[in-house]
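*Asks:* Supplied structure: structure_32.csv, CSV, C-alpha atoms.
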chain,number,residue,atom,x,y,z
A,6,MET,CA,-35.1,6.8,27.7
A,7,THR,CA,-34.1,6.8,24.0
A,8,VAL,CA,-31.5,4.6,22.5
A,9,ALA,CA,-29.2,7.5,21.9
A,10,ALA,CA,-29.4,8.5,25.5
A,11,LEU,CA,-28.7,4.9,26.6
A,12,PHE,CA,-25.6,4.8,24.5
A,13,PHE,CA,-24.5,8.2,25.8
A,14,TYR,CA,-24.7,7.0,29.4
A,15,LEU,CA,-23.0,3.8,28.5
A,16,PHE,CA,-20.0,5.4,26.7
A,17,ALA,CA,-19.8,8.2,29.3
A,18,ALA,CA,-19.8,5.8,32.3
A,19,VAL,CA,-17.2,3.5,30.8
A,20,THR,CA,-15.0,6.5,29.8
A,21,VAL,CA,-15.0,8.0,33.3
A,22,ALA,CA,-14.4,4.6,35.0
A,23,SER,CA,-11.6,3.7,32.7
A,24,ALA,CA,-10.0,7.1,33.0
A,25,PHE,CA,-10.0,6.7,36.8
A,26,MET,CA,-8.4,3.3,36.5
A,27,VAL,CA,-5.7,4.8,34.3
A,28,ILE,CA,-4.4,6.8,37.3
A,29,ALA,CA,-5.4,4.3,39.9
A,30,ALA,CA,-3.7,1.2,38.4
A,31,LYS,CA,-0.3,0.5,39.8
A,32,ASN,CA,0.8,-1.6,36.8
A,33,PRO,CA,1.7,0.5,33.7
A,34,VAL,CA,0.4,-2.3,31.4
A,35,HIS,CA,-3.0,-2.1,33.1
A,36,SER,CA,-3.0,1.7,32.7
A,37,VAL,CA,-2.3,1.4,29.0
A,38,LEU,CA,-5.2,-1.0,28.5
A,39,PHE,CA,-7.6,1.2,30.4
A,40,LEU,CA,-6.4,4.2,28.4
A,41,ILE,CA,-7.2,2.5,25.2
A,42,LEU,CA,-10.7,1.7,26.5
A,43,ALA,CA,-11.2,5.4,27.5
A,44,PHE,CA,-10.2,6.6,24.0
A,45,VAL,CA,-12.5,4.2,22.2
A,46,ASN,CA,-15.5,5.1,24.4
A,47,ALA,CA,-14.7,8.9,24.0
A,48,ALA,CA,-14.7,8.3,20.2
A,49,GLY,CA,-18.2,6.7,20.6
A,50,LEU,CA,-19.3,9.9,22.3
A,51,PHE,CA,-18.0,12.0,19.5
A,52,LEU,CA,-19.8,9.8,17.0
A,53,LEU,CA,-23.1,10.3,18.9
A,54,LEU,CA,-22.5,14.1,18.5
A,55,GLY,CA,-22.1,13.7,14.7
A,56,ALA,CA,-18.4,14.6,14.8
A,57,GLU,CA,-17.2,11.5,12.9
A,58,PHE,CA,-13.8,13.2,12.1
A,59,LEU,CA,-12.9,13.7,15.7
A,60,ALA,CA,-14.0,10.1,16.5
A,61,MET,CA,-11.7,8.6,13.9
A,62,ILE,CA,-8.8,10.9,14.8
A,63,LEU,CA,-9.2,9.8,18.4
A,64,VAL,CA,-9.0,6.2,17.5
A,65,VAL,CA,-6.3,6.3,14.8
A,66,VAL,CA,-4.0,8.9,16.4
A,67,TYR,CA,-4.4,8.5,20.1
A,68,VAL,CA,-4.8,4.8,20.3
A,69,GLY,CA,-1.7,4.5,18.1
A,70,ALA,CA,0.0,6.9,20.4
A,71,VAL,CA,-0.7,4.6,23.3
A,72,ALA,CA,1.7,2.1,21.8
A,73,VAL,CA,4.4,4.8,21.8
A,74,LEU,CA,3.5,5.7,25.4
A,75,PHE,CA,3.8,2.0,26.4
A,76,LEU,CA,7.2,1.9,24.7
A,77,PHE,CA,8.3,5.0,26.6
A,78,VAL,CA,7.2,3.5,29.9
A,79,VAL,CA,9.1,0.3,29.2
A,80,MET,CA,12.3,2.4,28.3
A,81,MET,CA,11.9,4.5,31.4
A,82,LEU,CA,11.3,1.6,33.9
A,83,ASP,CA,13.9,-0.8,32.3
A,84,VAL,CA,11.3,-3.6,32.3
A,85,ASP,CA,12.9,-7.0,32.0
A,86,PHE,CA,11.3,-8.6,28.9
A,87,THR,CA,12.1,-12.1,30.1
A,88,GLU,CA,10.3,-11.5,33.4
A,89,MET,CA,7.5,-9.8,31.5
A,90,ARG,CA,6.9,-12.8,29.3
A,91,GLN,CA,6.9,-15.1,32.3
A,92,GLY,CA,4.2,-12.9,34.0
A,93,PHE,CA,1.9,-12.8,31.0
A,94,LEU,CA,-0.9,-14.6,32.7
A,95,GLN,CA,-1.2,-11.9,35.4
A,96,TYR,CA,-2.3,-9.4,32.7
A,97,LEU,CA,-4.9,-11.8,31.3
A,98,PRO,CA,-7.8,-10.8,33.7
A,99,VAL,CA,-7.5,-7.1,32.9
A,100,GLY,CA,-7.2,-7.8,29.2
A,101,ALA,CA,-10.2,-10.1,29.3
A,102,LEU,CA,-12.2,-7.4,31.2
A,103,VAL,CA,-11.4,-4.8,28.5
A,104,GLY,CA,-12.1,-7.2,25.7
A,105,LEU,CA,-15.5,-8.1,27.4
A,106,ILE,CA,-16.5,-4.5,27.6
A,107,PHE,CA,-15.6,-4.0,23.9
A,108,LEU,CA,-17.6,-7.1,23.0
A,109,VAL,CA,-20.7,-5.9,24.9
A,110,GLU,CA,-20.5,-2.5,23.3
A,111,LEU,CA,-20.1,-4.0,19.8
A,112,VAL,CA,-23.1,-6.3,20.4
A,113,LEU,CA,-25.2,-3.4,21.5
A,114,VAL,CA,-24.2,-1.3,18.5
A,115,VAL,CA,-24.8,-4.1,16.1
A,116,GLY,CA,-28.1,-4.9,17.8
A,117,VAL,CA,-29.4,-1.3,17.4
A,118,TRP,CA,-28.2,-1.3,13.8
A,119,ALA,CA,-30.2,-4.4,13.1
A,120,THR,CA,-33.4,-3.3,14.9
A,121,SER,CA,-33.4,0.4,13.9
A,122,PRO,CA,-31.0,1.2,11.1
A,123,ALA,CA,-32.5,4.7,10.6
A,124,LEU,CA,-31.2,5.8,14.0
A,125,VAL,CA,-27.7,4.6,13.2
A,126,ARG,CA,-27.7,6.5,9.9
A,127,ALA,CA,-28.8,9.6,11.7
A,128,ALA,CA,-25.9,9.3,14.2
A,129,GLU,CA,-23.4,8.7,11.4
A,130,ALA,CA,-24.5,11.7,9.3
A,131,PRO,CA,-22.0,14.6,9.6
A,132,LEU,CA,-23.3,17.8,11.0
A,133,VAL,CA,-23.7,20.5,8.3
A,134,SER,CA,-23.9,24.2,9.1
A,135,ALA,CA,-26.1,26.8,7.5
A,136,ASP,CA,-23.5,27.6,4.8
A,137,ARG,CA,-23.2,23.9,3.9
A,138,ILE,CA,-19.9,23.3,5.5
A,139,THR,CA,-19.2,19.9,7.1
A,140,ASN,CA,-17.8,19.6,10.6
A,141,THR,CA,-14.4,18.4,9.3
A,142,GLU,CA,-14.0,21.6,7.2
A,143,ALA,CA,-15.4,23.7,10.0
A,144,ILE,CA,-12.8,22.3,12.4
A,145,GLY,CA,-10.0,23.0,9.9
A,146,ARG,CA,-11.2,26.6,9.4
A,147,VAL,CA,-11.4,27.2,13.2
A,148,LEU,CA,-7.9,25.6,13.9
A,149,TYR,CA,-6.1,27.5,11.2
A,150,THR,CA,-7.8,30.9,11.6
A,151,THR,CA,-9.1,31.7,15.0
A,152,TYR,CA,-7.0,29.4,17.1
A,153,ILE,CA,-3.9,29.2,14.9
A,154,HIS,CA,-1.6,30.6,17.7
A,155,TYR,CA,-2.9,28.0,20.2
A,156,PHE,CA,-2.5,25.3,17.6
A,157,GLN,CA,1.2,26.2,17.0
A,158,LEU,CA,1.7,26.5,20.7
A,159,ALA,CA,0.4,23.0,21.2
A,160,GLY,CA,2.8,21.8,18.6
A,161,ILE,CA,5.7,23.4,20.4
A,162,VAL,CA,4.7,21.8,23.7
A,163,LEU,CA,4.5,18.4,22.0
A,164,LEU,CA,8.0,19.0,20.5
A,165,VAL,CA,9.5,19.9,23.8
A,166,ALA,CA,7.8,16.9,25.4
A,167,MET,CA,9.3,14.6,22.7
A,168,ILE,CA,12.8,16.1,23.2
A,169,GLY,CA,12.4,15.7,27.0
A,170,ALA,CA,11.4,12.0,26.6
A,171,ILE,CA,14.5,11.4,24.4
A,172,VAL,CA,16.7,13.1,27.0
A,173,LEU,CA,15.2,11.1,29.9
A,174,THR,CA,15.5,7.8,28.2
A,175,LEU,CA,19.1,8.3,26.8
A,176,ARG,CA,21.5,5.9,28.4
A,177,HIS,CA,25.2,6.7,28.4
A,178,LYS,CA,27.1,3.4,28.3
A,179,PRO,CA,30.8,3.2,29.0
A,180,ASN,CA,33.4,2.2,26.4
A,181,VAL,CA,31.1,3.5,23.6
A,182,LYS,CA,32.7,5.7,21.0
A,183,ARG,CA,30.5,8.8,20.4
A,184,GLN,CA,30.6,11.5,17.8
A,185,ASP,CA,32.2,14.8,18.9
A,186,ILE,CA,31.1,17.5,16.4
A,187,ALA,CA,33.5,20.2,17.9
A,188,ALA,CA,36.5,17.9,17.6
A,189,GLN,CA,35.6,17.0,14.0
A,190,VAL,CA,35.1,20.6,12.9
A,191,GLY,CA,38.2,21.8,14.6
A,192,ARG,CA,40.5,19.1,13.3
A,193,ARG,CA,43.6,20.2,11.5
A,194,VAL,CA,45.6,18.5,8.7
A,195,ALA,CA,48.5,17.9,11.1
A,196,ASP,CA,46.2,16.0,13.5
A,197,ALA,CA,44.6,13.9,10.8
A,198,VAL,CA,47.6,13.0,8.5
A,199,GLU,CA,50.9,11.7,9.6
A,200,VAL,CA,53.7,11.8,7.0
A,201,VAL,CA,56.3,9.0,7.6
A,202,LYS,CA,59.6,9.0,5.7
A,203,VAL,CA,60.6,5.5,4.9
A,204,LYS,CA,64.1,4.7,3.7
A,205,PRO,CA,64.4,2.5,0.6
A,206,GLY,CA,64.3,-1.2,1.4
A,207,GLN,CA,63.3,-0.8,5.1
A,208,GLY,CA,59.5,-0.7,4.8
A,209,ILE,CA,57.3,0.7,7.4
Would you mind writing the file out in structure tokens?
*Replies:*
Amino acid sequence: MTVAALFFYLFAAVTVASAFMVIAAKNPVHSVLFLILAFVNAAGLFLLLGAEFLAMILVVVYVGAVAVLFLFVVMMLDVDFTEMRQGFLQYLPVGALVGLIFLVELVLVVGVWATSPALVRAAEAPLVSADRITNTEAIGRVLYTTYIHYFQLAGIVLLVAMIGAIVLTLRHKPNVKRQDIAAQVGRRVADAVEVVKVKPGQGI
């Protein structure tokens, strides 16, 4: 078994296992940690394929979006932050497990880089097609030409999901003055200004 195949099976196994734990974990914090682990290992698979752009996008965009997902879960569930700080130690085993897996993978990657740097440089090299187009440019051409309608449709779906998340997390508190656009637009001068005639020497 070659080193590339070994890393493929390692990243694939951890990705599948962590993806299963995302839906199996009862605690949303545990699910977020396993989701981050799944994204990072999927980025490793893309890097083995030579798609370095997709790997970086997966780490930068999706791992960053996990923080937004965690914020959304906290807003939806009305998690008590005081109670959450008190139960910090109960998240320590899962966090330590995820950190240990990251550490093992980093040690393996650094070890392979130290023993056979040519193999690492071959995996990092971007794929170039016959007409000398890198994979990043090829992805851009495919997205904005052949699949432009699907790309726009995905953007609309994400926009609707964002609006739905805002609507679901909106809390209407009593005794809070809110803006009424219709009342502001339909306001007349007689409703806004009151003319008071004051006799001399009496004041208001």
*Asks:* What is the distance between atom CA of Ala29 of chain A and atom CA of Met167 of chain A, in Å to one decimal?
*Replies:* 24.9 Å
*Asks:* Env of Ile41 of chain A: 12 Å cut, atoms = all atoms listed in the file, seq-sep filter 5 positions within chain, self excluded. Answer as a PyMOL selection string.
*Replies:* chain A and resi 19-20+23-24+26-27+34-36+46-48+63-72+74-75+100+103-104+106-107
*Asks:* Figure out the distance between atom CA of Leu173 of chain A and atom CA of Asp185 of chain A, please, to one decimal in Å.
*Replies:*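 Computing it gives 20.6 Å between the two atoms.
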*Asks:* So the first atom is atom CA of Phe58 of chain A and the second is atom CA of Thr151 of chain A; what is the distance between them in Å, to one decimal place?
*Replies:* 19.3 Å
*Asks:* Select, from A:Leu148, A:Phe77, A:Phe156, A:Gly55, the residue with the minimum atom-to-atom distance to Thr174 of chain A, counting only C-alpha atoms.
*Replies:*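 The answer is A:Phe77, which sits nearest to Thr174 of chain A.
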